[in-house]
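Just structure.tsv here, TSV, C-alpha atoms:
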chain	number	residue	atom	x	y	z
S	1	MET	CA	-8.73	23.73	-33.36
S	2	THR	CA	-10.06	20.22	-33.94
S	3	SER	CA	-13.78	19.95	-33.34
S	4	ILE	CA	-14.69	17.63	-30.49
S	5	GLY	CA	-17.94	15.77	-30.63
S	6	GLY	CA	-21.05	15.86	-32.74
S	7	ALA	CA	-24.75	16.06	-32.23
S	8	ALA	CA	-25.05	13.44	-29.50
S	9	SER	CA	-25.32	14.95	-26.02
S	10	SER	CA	-24.29	18.32	-27.41
S	11	GLY	CA	-27.13	20.04	-25.54
S	12	MET	CA	-25.80	19.09	-22.13
S	13	VAL	CA	-22.11	19.98	-22.60
S	14	ASP	CA	-20.54	22.20	-25.22
S	15	TRP	CA	-17.37	20.18	-25.66
S	16	ASN	CA	-15.74	22.56	-28.12
S	17	LEU	CA	-16.29	25.42	-25.71
S	18	ALA	CA	-14.69	23.35	-22.96
S	19	VAL	CA	-11.55	22.96	-25.10
S	20	ALA	CA	-11.55	26.65	-26.06
S	21	THR	CA	-12.02	27.77	-22.44
S	22	ALA	CA	-9.27	25.52	-21.11
S	23	THR	CA	-6.89	26.64	-23.85
S	24	ARG	CA	-7.59	30.29	-23.15
S	25	LEU	CA	-7.24	30.03	-19.36
S	26	MET	CA	-4.31	27.62	-19.01
S	27	ARG	CA	-0.95	28.91	-17.85
S	28	PRO	CA	1.76	29.44	-20.43
S	29	GLY	CA	4.38	26.72	-20.62
S	30	PRO	CA	8.06	27.13	-19.74
S	31	ASP	CA	10.22	29.30	-21.96
S	32	VAL	CA	12.02	27.00	-24.40
S	33	SER	CA	13.36	27.59	-27.89
S	34	ARG	CA	12.07	25.64	-30.87
S	35	ASP	CA	15.25	23.58	-30.99
S	36	GLU	CA	15.02	22.83	-27.27
S	37	ALA	CA	11.41	21.74	-27.68
S	38	ARG	CA	12.31	19.38	-30.53
S	39	ALA	CA	15.12	17.90	-28.44
S	40	VAL	CA	12.80	17.31	-25.47
S	41	VAL	CA	10.22	15.56	-27.66
S	42	ALA	CA	12.88	13.35	-29.26
S	43	GLU	CA	14.37	12.43	-25.89
S	44	LEU	CA	10.98	11.56	-24.39
S	45	ARG	CA	10.32	9.24	-27.33
S	46	ARG	CA	13.68	7.52	-26.82
S	47	HIS	CA	13.08	7.16	-23.10
S	48	ALA	CA	9.60	5.74	-23.66
S	49	GLN	CA	10.99	3.10	-25.98
S	50	ALA	CA	13.74	2.18	-23.52
S	51	SER	CA	11.22	2.13	-20.67
S	52	GLU	CA	9.17	-0.56	-22.43
S	53	GLU	CA	12.06	-3.03	-22.08
S	54	HIS	CA	12.86	-1.96	-18.51
S	55	VAL	CA	9.25	-2.39	-17.37
S	56	ARG	CA	8.72	-5.70	-19.16
S	57	GLY	CA	11.94	-7.08	-17.72
S	58	PHE	CA	11.13	-6.02	-14.16
S	59	THR	CA	7.44	-6.96	-14.08
S	60	GLY	CA	7.32	-9.96	-16.38
S	61	LEU	CA	4.25	-8.45	-18.04
S	62	GLY	CA	3.66	-8.13	-21.76
S	63	THR	CA	5.65	-8.75	-24.91
S	64	GLU	CA	6.71	-6.59	-27.81
S	65	GLU	CA	3.54	-7.65	-29.61
S	66	THR	CA	1.25	-6.39	-26.83
S	67	HIS	CA	2.63	-2.85	-27.07
S	68	ASP	CA	0.53	-1.74	-30.02
S	69	THR	CA	-0.61	1.56	-28.51
S	70	PRO	CA	0.88	4.82	-29.74
S	71	LEU	CA	2.98	7.31	-27.82
S	72	LEU	CA	1.91	10.95	-28.21
S	73	VAL	CA	4.16	13.70	-26.89
S	74	VAL	CA	1.73	16.60	-26.50
S	75	ASP	CA	1.51	20.16	-25.27
S	76	ARG	CA	-1.12	21.35	-22.79
S	77	PRO	CA	-3.85	22.01	-25.38
S	78	GLY	CA	-3.19	18.56	-26.86
S	79	TRP	CA	-3.68	16.97	-23.45
S	80	VAL	CA	-6.96	18.85	-23.04
S	81	ARG	CA	-8.28	17.73	-26.43
S	82	ALA	CA	-7.44	14.10	-25.70
S	83	ASN	CA	-9.18	14.19	-22.34
S	84	VAL	CA	-12.26	15.98	-23.62
S	85	ALA	CA	-12.58	13.29	-26.27
S	86	GLY	CA	-12.29	10.65	-23.54
S	87	PHE	CA	-14.81	12.37	-21.26
S	88	ARG	CA	-17.28	12.74	-24.11
S	89	GLU	CA	-17.13	9.04	-24.91
S	90	LEU	CA	-17.30	7.92	-21.29
S	91	LEU	CA	-20.15	10.27	-20.31
S	92	ARG	CA	-22.21	9.77	-23.47
S	93	PRO	CA	-24.74	7.30	-21.94
S	94	LEU	CA	-25.37	9.49	-18.90
S	95	LEU	CA	-25.66	12.70	-20.92
S	96	ASP	CA	-28.01	11.05	-23.41
S	97	LYS	CA	-30.21	9.92	-20.53
S	98	MET	CA	-30.19	13.40	-19.00
S	99	GLN	CA	-31.00	14.90	-22.39
S	100	GLU	CA	-34.07	12.66	-22.65
S	101	ARG	CA	-35.28	13.76	-19.22
S	102	ARG	CA	-34.55	17.41	-19.85
S	103	GLY	CA	-37.84	18.11	-21.61
S	104	THR	CA	-40.06	16.65	-18.89
S	105	GLY	CA	-38.10	17.03	-15.66
S	106	PRO	CA	-38.98	19.71	-13.09
S	107	GLY	CA	-35.55	21.27	-13.51
S	108	ASN	CA	-36.01	22.02	-17.20
S	109	ALA	CA	-36.10	25.77	-16.65
S	110	VAL	CA	-32.95	25.66	-14.54
S	111	LEU	CA	-31.09	23.56	-17.07
S	112	GLY	CA	-32.30	25.84	-19.84
S	113	ALA	CA	-30.72	28.77	-18.03
S	114	VAL	CA	-27.51	26.94	-17.20
S	115	GLY	CA	-27.20	25.18	-20.54
S	116	GLY	CA	-24.44	23.31	-22.25
S	117	LYS	CA	-22.32	26.40	-22.73
S	118	VAL	CA	-22.05	27.11	-19.03
S	119	THR	CA	-21.22	23.45	-18.40
S	120	GLY	CA	-18.60	23.64	-21.14
S	121	VAL	CA	-17.04	26.70	-19.52
S	122	GLU	CA	-16.96	24.99	-16.10
S	123	LEU	CA	-15.34	21.87	-17.55
S	124	GLY	CA	-12.85	24.06	-19.38
S	125	MET	CA	-11.92	25.83	-16.15
S	126	LEU	CA	-11.30	22.49	-14.46
S	127	LEU	CA	-9.16	21.23	-17.34
S	128	SER	CA	-7.15	24.45	-17.43
S	129	PHE	CA	-6.19	23.81	-13.80
S	130	LEU	CA	-5.19	20.21	-14.45
S	131	ALA	CA	-3.48	20.82	-17.81
S	132	SER	CA	-0.42	22.42	-16.23
S	133	ARG	CA	0.02	19.66	-13.62
S	134	VAL	CA	-0.23	16.33	-15.45
S	135	LEU	CA	3.14	14.93	-16.55
S	136	GLY	CA	1.82	11.91	-18.39
S	137	GLN	CA	-1.24	9.73	-18.75
S	138	TYR	CA	-2.41	6.52	-20.32
S	139	GLU	CA	-5.65	7.72	-21.91
S	140	THR	CA	-7.95	4.75	-22.41
S	141	PHE	CA	-11.40	5.80	-23.53
S	142	ALA	CA	-11.30	8.26	-26.44
S	143	PRO	CA	-12.06	6.57	-29.79
S	144	ALA	CA	-9.32	6.55	-32.41
S	145	THR	CA	-9.22	9.49	-34.81
S	146	ARG	CA	-6.66	10.92	-37.20
S	147	ASP	CA	-5.45	13.33	-34.50
S	148	LEU	CA	-5.76	10.79	-31.68
S	149	PRO	CA	-4.61	7.35	-32.86
S	150	ALA	CA	-5.14	4.27	-30.72
S	151	GLY	CA	-3.96	0.69	-30.56
S	152	ALA	CA	-5.16	-1.76	-33.20
S	153	ASN	CA	-6.78	-3.96	-30.54
S	154	GLY	CA	-8.90	-1.24	-29.01
S	155	GLY	CA	-6.29	0.12	-26.63
S	156	GLY	CA	-5.66	3.74	-25.79
S	157	ARG	CA	-2.63	5.94	-26.13
S	158	LEU	CA	0.22	7.07	-23.91
S	159	LEU	CA	0.40	10.86	-23.47
S	160	LEU	CA	3.54	12.64	-22.27
S	161	VAL	CA	3.00	16.36	-21.61
S	162	ALA	CA	6.36	17.82	-22.60
S	163	PRO	CA	6.01	21.40	-21.23
S	164	ASN	CA	4.92	20.13	-17.83
S	165	ILE	CA	7.84	17.72	-17.60
S	166	VAL	CA	10.26	20.55	-18.41
S	167	HIS	CA	8.52	22.85	-15.92
S	168	VAL	CA	8.77	20.35	-13.05
S	169	GLU	CA	12.37	19.33	-13.73
S	170	ARG	CA	13.31	23.02	-13.57
S	171	GLU	CA	11.20	23.62	-10.48
S	172	LEU	CA	12.81	20.69	-8.66
S	173	ASP	CA	16.28	21.55	-9.98
S	174	VAL	CA	17.04	17.95	-10.93
S	175	GLU	CA	19.04	16.43	-13.78
S	176	PRO	CA	16.72	16.79	-16.81
S	177	HIS	CA	17.68	13.61	-18.66
S	178	ASP	CA	17.29	11.50	-15.51
S	179	PHE	CA	13.95	13.09	-14.66
S	180	ARG	CA	12.53	12.50	-18.14
S	181	LEU	CA	13.45	8.82	-18.01
S	182	TRP	CA	12.05	8.54	-14.48
S	183	VAL	CA	8.69	9.97	-15.59
S	184	THR	CA	8.46	7.71	-18.63
S	185	LEU	CA	9.11	4.65	-16.45
S	186	HIS	CA	6.00	5.44	-14.42
S	187	GLU	CA	3.81	6.16	-17.43
S	188	GLU	CA	5.13	3.21	-19.41
S	189	THR	CA	4.11	0.96	-16.52
S	190	HIS	CA	0.52	2.12	-17.01
S	191	ARG	CA	0.70	1.37	-20.72
S	192	THR	CA	2.05	-2.09	-19.90
S	193	GLN	CA	-0.74	-2.70	-17.40
S	194	PHE	CA	-3.44	-2.06	-19.99
S	195	THR	CA	-1.77	-3.69	-22.98
S	196	ALA	CA	-0.70	-6.83	-21.11
S	197	VAL	CA	-4.06	-7.24	-19.33
S	198	PRO	CA	-6.66	-7.12	-22.13
S	199	TRP	CA	-9.73	-7.22	-19.86
S	200	LEU	CA	-8.63	-4.30	-17.66
S	201	ARG	CA	-9.92	-1.47	-19.84
S	202	ASP	CA	-13.37	-3.02	-20.31
S	203	HIS	CA	-13.59	-3.80	-16.60
S	204	LEU	CA	-12.82	-0.21	-15.64
S	205	GLU	CA	-15.26	1.15	-18.20
S	206	GLY	CA	-17.96	-1.19	-16.92
S	207	GLU	CA	-17.43	-0.04	-13.34
S	208	ILE	CA	-17.54	3.61	-14.36
S	209	GLN	CA	-20.70	3.08	-16.41
S	210	SER	CA	-22.31	1.32	-13.44
S	211	PHE	CA	-21.36	4.30	-11.30
S	212	LEU	CA	-22.92	6.71	-13.78
S	213	GLU	CA	-26.08	4.61	-14.15
S	214	GLU	CA	-26.67	5.05	-10.42
S	215	THR	CA	-26.62	8.82	-10.84
S	216	ASP	CA	-29.96	10.44	-10.07
S	217	VAL	CA	-30.60	12.32	-13.29
S	218	ASP	CA	-33.39	14.49	-11.92
S	219	PRO	CA	-31.82	17.92	-12.51
S	220	MET	CA	-33.14	19.56	-9.35
S	221	THR	CA	-31.92	16.69	-7.19
S	222	VAL	CA	-28.47	16.86	-8.76
S	223	LEU	CA	-28.28	20.63	-8.26
S	224	GLU	CA	-29.43	20.28	-4.66
S	225	ARG	CA	-26.76	17.68	-3.93
S	226	VAL	CA	-24.09	19.88	-5.44
S	227	ARG	CA	-25.31	22.83	-3.36
S	228	GLU	CA	-25.22	20.76	-0.16
S	229	ALA	CA	-21.78	19.42	-1.04
S	230	ALA	CA	-20.45	22.92	-1.61
S	231	GLN	CA	-21.88	24.05	1.74
S	232	SER	CA	-20.24	21.12	3.47
S	233	LEU	CA	-16.86	21.83	1.96
S	234	ALA	CA	-17.14	25.51	2.76
S	235	GLY	CA	-17.99	24.81	6.37
S	236	GLY	CA	-21.60	25.86	5.92
S	237	ARG	CA	-23.14	22.45	6.59
S	238	PRO	CA	-26.63	22.70	8.11
S	239	GLU	CA	-26.60	22.39	11.88
S	240	GLY	CA	-26.80	18.83	13.15
S	241	GLU	CA	-25.47	17.17	9.99
S	242	GLU	CA	-22.22	15.36	10.60
S	243	GLY	CA	-19.94	12.95	8.82
S	244	ASP	CA	-18.84	14.83	5.69
S	245	GLU	CA	-15.53	16.09	7.03
S	246	GLY	CA	-12.57	15.21	4.88
S	247	ARG	CA	-14.65	14.18	1.87
S	248	SER	CA	-14.41	15.65	-1.59
S	249	LEU	CA	-17.22	17.05	-3.70
S	250	VAL	CA	-17.18	13.87	-5.76
S	251	GLU	CA	-17.70	11.70	-2.68
S	252	VAL	CA	-20.44	13.79	-1.10
S	253	VAL	CA	-22.82	13.62	-4.08
S	254	GLN	CA	-22.84	9.80	-4.27
S	255	THR	CA	-25.63	7.37	-3.54
S	256	PRO	CA	-24.91	4.33	-1.33
S	257	ALA	CA	-24.67	2.11	-4.43
S	258	GLN	CA	-22.18	4.54	-5.96
S	259	ARG	CA	-20.05	4.42	-2.83
S	260	GLU	CA	-19.76	0.65	-3.18
S	261	ILE	CA	-18.66	1.01	-6.80
S	262	LEU	CA	-16.26	3.80	-5.83
S	263	GLY	CA	-14.70	1.48	-3.26
S	264	ARG	CA	-13.90	-1.02	-6.00
S	265	LEU	CA	-12.64	1.70	-8.34
S	266	THR	CA	-10.48	3.18	-5.59
S	267	ALA	CA	-8.90	-0.24	-5.00
S	268	VAL	CA	-8.11	-0.69	-8.70
S	269	MET	CA	-6.68	2.80	-9.05
S	270	SER	CA	-4.58	2.31	-5.90
S	271	LEU	CA	-3.25	-0.92	-7.41
S	272	LEU	CA	-2.40	0.70	-10.76
S	273	GLU	CA	-0.77	3.80	-9.28
S	274	GLY	CA	1.05	1.91	-6.55
S	275	HIS	CA	2.32	-0.67	-9.03
S	276	ALA	CA	3.68	2.12	-11.25
S	277	ASP	CA	5.49	3.69	-8.30
S	278	PHE	CA	6.86	0.31	-7.22
S	279	VAL	CA	8.17	-0.41	-10.71
S	280	MET	CA	9.64	3.07	-11.01
S	281	ASP	CA	11.50	2.58	-7.72
S	282	GLY	CA	12.58	-0.93	-8.67
S	283	VAL	CA	13.95	-0.03	-12.09
S	284	GLY	CA	15.14	3.47	-11.23
S	285	PRO	CA	18.38	2.77	-9.30
S	286	ALA	CA	19.82	0.77	-12.19
S	287	VAL	CA	19.05	3.24	-14.98
S	288	VAL	CA	18.47	6.67	-13.37
S	289	PRO	CA	21.66	7.78	-11.56
S	290	SER	CA	20.02	10.56	-9.55
S	291	VAL	CA	16.83	8.65	-8.74
S	292	ALA	CA	17.12	9.11	-4.96
S	293	GLU	CA	17.28	12.89	-5.25
S	294	ILE	CA	14.44	12.98	-7.80
S	295	ARG	CA	12.20	10.74	-5.69
S	296	GLU	CA	12.73	12.77	-2.53
S	297	LYS	CA	12.08	16.11	-4.19
S	298	PHE	CA	9.09	14.81	-6.14
S	299	GLN	CA	7.50	13.31	-3.03
S	300	GLN	CA	7.84	16.65	-1.29
S	301	ARG	CA	6.18	18.32	-4.26
S	302	ARG	CA	3.32	15.80	-4.24
S	303	ALA	CA	2.73	16.29	-0.53
S	304	LYS	CA	2.20	20.02	-0.71
S	305	GLY	CA	0.21	22.26	-2.98
S	306	ALA	CA	1.79	25.21	-4.75
S	307	SER	CA	-0.62	27.57	-3.02
S	308	ARG	CA	-3.68	27.66	-0.80
S	309	LEU	CA	-5.83	27.78	-3.94
S	310	ASP	CA	-4.09	24.69	-5.27
S	311	MET	CA	-4.72	22.86	-2.00
S	312	ALA	CA	-8.38	23.92	-2.00
S	313	LEU	CA	-8.89	22.70	-5.56
S	314	ARG	CA	-7.12	19.44	-4.80
S	315	LYS	CA	-9.50	18.95	-1.88
S	316	LEU	CA	-12.58	19.80	-3.94
S	317	LEU	CA	-11.64	17.50	-6.81
S	318	GLY	CA	-10.57	14.60	-4.63
S	319	LEU	CA	-6.92	14.80	-5.70
S	320	ASP	CA	-5.79	14.27	-2.11
S	321	ALA	CA	-7.35	10.82	-2.41
S	322	LYS	CA	-5.14	10.19	-5.44
S	323	LEU	CA	-2.06	10.93	-3.33
S	324	ARG	CA	-3.25	8.32	-0.83
S	325	GLN	CA	-3.71	5.87	-3.71
S	326	TYR	CA	-0.02	6.18	-4.60
S	327	ARG	CA	1.04	5.50	-1.02
S	328	ASP	CA	-1.44	2.76	-0.16
S	329	GLY	CA	-1.08	1.00	-3.49
S	330	GLU	CA	2.72	0.99	-3.37
S	331	ARG	CA	2.65	-0.50	0.14
S	332	PHE	CA	0.27	-3.22	-1.06
S	333	VAL	CA	2.42	-4.15	-4.05
S	334	ARG	CA	5.62	-4.14	-2.02
S	335	ALA	CA	4.14	-6.32	0.73
S	336	VAL	CA	2.71	-8.86	-1.73
S	337	VAL	CA	5.94	-9.10	-3.76
S	338	GLU	CA	7.92	-9.63	-0.55
S	339	GLU	CA	5.52	-12.42	0.44
S	340	VAL	CA	4.97	-14.32	-2.83
S	341	GLY	CA	7.39	-12.82	-5.36
S	342	MET	CA	6.69	-10.97	-8.60
S	343	ASP	CA	5.12	-14.00	-10.28
S	344	GLY	CA	2.86	-14.44	-7.28
S	345	PHE	CA	1.90	-10.79	-7.33
S	346	ASN	CA	1.11	-10.99	-11.06
S	347	ARG	CA	-1.82	-13.26	-10.25
S	348	VAL	CA	-3.58	-10.00	-9.48
S	349	TRP	CA	-3.99	-9.58	-13.25
S	350	THR	CA	-5.72	-12.94	-13.77
S	351	SER	CA	-9.31	-11.63	-13.73
S	352	PRO	CA	-11.50	-9.02	-12.03
S	353	ASN	CA	-11.99	-11.56	-9.22
S	354	THR	CA	-8.30	-11.47	-8.32
S	355	LEU	CA	-8.12	-7.69	-8.06
S	356	PRO	CA	-7.69	-6.52	-4.46
S	357	THR	CA	-10.62	-5.06	-2.60
S	358	LYS	CA	-10.32	-1.70	-0.87
S	359	ALA	CA	-9.91	-3.53	2.45
S	360	GLU	CA	-7.21	-5.79	1.00
S	361	ILE	CA	-5.23	-2.78	-0.24
S	362	ALA	CA	-4.91	-1.85	3.44
S	363	LYS	CA	-4.26	-5.49	4.48
S	364	PRO	CA	-2.19	-7.18	1.76
S	365	ALA	CA	-1.99	-10.43	3.75
S	366	ASP	CA	-5.75	-10.85	3.29
S	367	TRP	CA	-5.33	-10.73	-0.49
S	368	VAL	CA	-2.52	-13.28	-0.33
S	369	THR	CA	-4.73	-15.57	1.76
S	370	ARG	CA	-7.71	-15.23	-0.57
S	371	VAL	CA	-5.87	-15.58	-3.88
S	372	HIS	CA	-2.95	-17.85	-2.97
S	373	ARG	CA	-3.70	-19.82	0.17
S	374	LYS	CA	-7.26	-20.80	-0.79
S	375	SER	CA	-6.28	-21.83	-4.31
S	376	GLU	CA	-3.46	-23.97	-2.91
S	377	ALA	CA	-5.61	-25.62	-0.25

Whole structure, structure tokens version:
Amino acid sequence: MTSIGGAASSGMVDWNLAVATATRLMRPGPDVSRDEARAVVAELRRHAQASEEHVRGFTGLGTEETHDTPLLVVDRPGWVRANVAGFRELLRPLLDKMQERRGTGPGNAVLGAVGGKVTGVELGMLLSFLASRVLGQYETFAPATRDLPAGANGGGRLLLVAPNIVHVERELDVEPHDFRLWVTLHEETHRTQFTAVPWLRDHLEGEIQSFLEETDVDPMTVLERVREAAQSLAGGRPEGEEGDEGRSLVEVVQTPAQREILGRLTAVMSLLEGHADFVMDGVGPAVVPSVAEIREKFQQRRAKGASRLDMALRKLLGLDAKLRQYRDGERFVRAVVEEVGMDGFNRVWTSPNTLPTKAEIAKPADWVTRVHRKSEA
């Protein structure tokens, strides 16, 4: 197993243990022969290459030169390693700050008992849950290594999780070749977004770092917030406290400043996910014969969890909010394109100032007025 991380922040999270725990706990993949596996990988690579042209032609974004980021067809452990590397890089400033406070803070004894190994195990458990569900991902933050190459201009890499794609196509009983192309269209749209809009990655990273900088790093305060959040989600909220219904653990532990940042991040993620769905639906009918059947069955799968445990974990992790992002973002993109055309919509990528706000995602006409009408006045 490739070692993840080094000395920095190693006291707060045992990253290698997180990878080992996730790998040990994750579900086995679908039963495929070696030849079948090779064929799936080869087909996903072909579809990804074809999807580049489809997405560029439909969206008007990017050129062949902008697509310098690699495609990695991975298994579940490979997805975990890539994401742990990304988490480690993204969380480094926060963990370094917490490490500095660890020796003097009032929660030192608690953190000493909990320790980086327990945190590593908890992160590994979370990743083992997610590793069997993610079909693809544009991973943006992990630094380039021999095992995890990245684009020459600082971009990320496109991950396609082959066993999960095979698992879902079998579960939905859809045409495998069509489904694989359909998935790559969605994920290739994300790669196009980041490669054609050079400032997008740095903007997102800046927002996330601002969110983390607002985190109260006093260990006892953090633990108390987590305890209160867990009570709220479990229905054990102290008497007289209202207002936390329907919120995830992530949302409950935020400060007011973090909620403002989260609103901006939610708007961006809604835009990116909705745009990918819009492109997938726009390109799909011309190149994926069974797209209508796939879309209907996949939407049904998105809308329901596989089990009560799955639904509970989705609630806890805020994954229900991600489902809303797909729906709300797609409605925003569709409404704007209908109003001002694809070229008009693409003004959203001009700068951070032209990104929609959370309120504008819900009211696309307000974005059109702000970005188009005012500039034309």

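Going from atom CA of S:Val197 over to atom CA of S:Val333, you cover 16.9 Å.
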
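Of the listed residues (S:Thr23, S:Ala142, S:Asp281, S:Ala196), S:Ala196 comes nearest to S:Thr63; the distances count all atoms listed in the file.
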
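When atom CA of S:Ile294 is paired with atom CA of S:Phe129, their separation reads 24.1 Å.
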
What is the distance, in Å and to one decimal place, between atom CA of S:Ala82 and atom CA of S:Val183? 19.5 Å

12 Å contact set for S:Ala42, all atoms listed in the file, chain neighbours under 5 positions out, as a ChimeraX atom specification: /S:35-37,47-49,71-74,160,162,177,180

Mind dumping the selected residues with C-alpha atoms as a PDB file, in the coordinates of the input?
ATOM      1  CA  ASP S  35      15.250  23.580 -30.990  1.00  0.00           C
ATOM      2  CA  GLU S  36      15.020  22.830 -27.270  1.00  0.00           C
ATOM      3  CA  ALA S  37      11.410  21.740 -27.680  1.00  0.00           C
ATOM      4  CA  HIS S  47      13.080   7.160 -23.100  1.00  0.00           C
ATOM      5  CA  ALA S  48       9.600   5.740 -23.660  1.00  0.00           C
ATOM      6  CA  GLN S  49      10.990   3.100 -25.980  1.00  0.00           C
ATOM      7  CA  LEU S  71       2.980   7.310 -27.820  1.00  0.00           C
ATOM      8  CA  LEU S  72       1.910  10.950 -28.210  1.00  0.00           C
ATOM      9  CA  VAL S  73       4.160  13.700 -26.890  1.00  0.00           C
ATOM     10  CA  VAL S  74       1.730  16.600 -26.500  1.00  0.00           C
ATOM     11  CA  LEU S 160       3.540  12.640 -22.270  1.00  0.00           C
ATOM     12  CA  ALA S 162       6.360  17.820 -22.600  1.00  0.00           C
ATOM     13  CA  HIS S 177      17.680  13.610 -18.660  1.00  0.00           C
ATOM     14  CA  ARG S 180      12.530  12.500 -18.140  1.00  0.00           C
TER      15      ARG S 180
END

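For the point (-9.5, 27.3, -17.5), the residues with an atom at a distance of at most 6 Å are Thr21, Ala22, Leu25, Met26, Gly124, Met125, Leu126 and Ser128 of chain S, counting only C-alpha atoms.
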
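Of the residues listed (S:Asp75, S:Asp178, S:Glu330, S:Glu260), S:Asp75 shows the shortest atom-to-atom separation from S:Val161; distances use only C-alpha atoms.
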
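For the choices S:Met269, S:Ala18, S:Val283, S:Ile261, the atom-to-atom distance to S:Val118 is smallest for S:Ala18 when using only C-alpha atoms.
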
Using all atoms listed in the file, which protein or nucleic acid residues come within 10 Å of S:Leu355? Drop anything in the same chain fewer than 5 positions from it, and give the result as number ranges by chain. S: 264, 267-268, 271, 347-350, 360-361, 367, 371
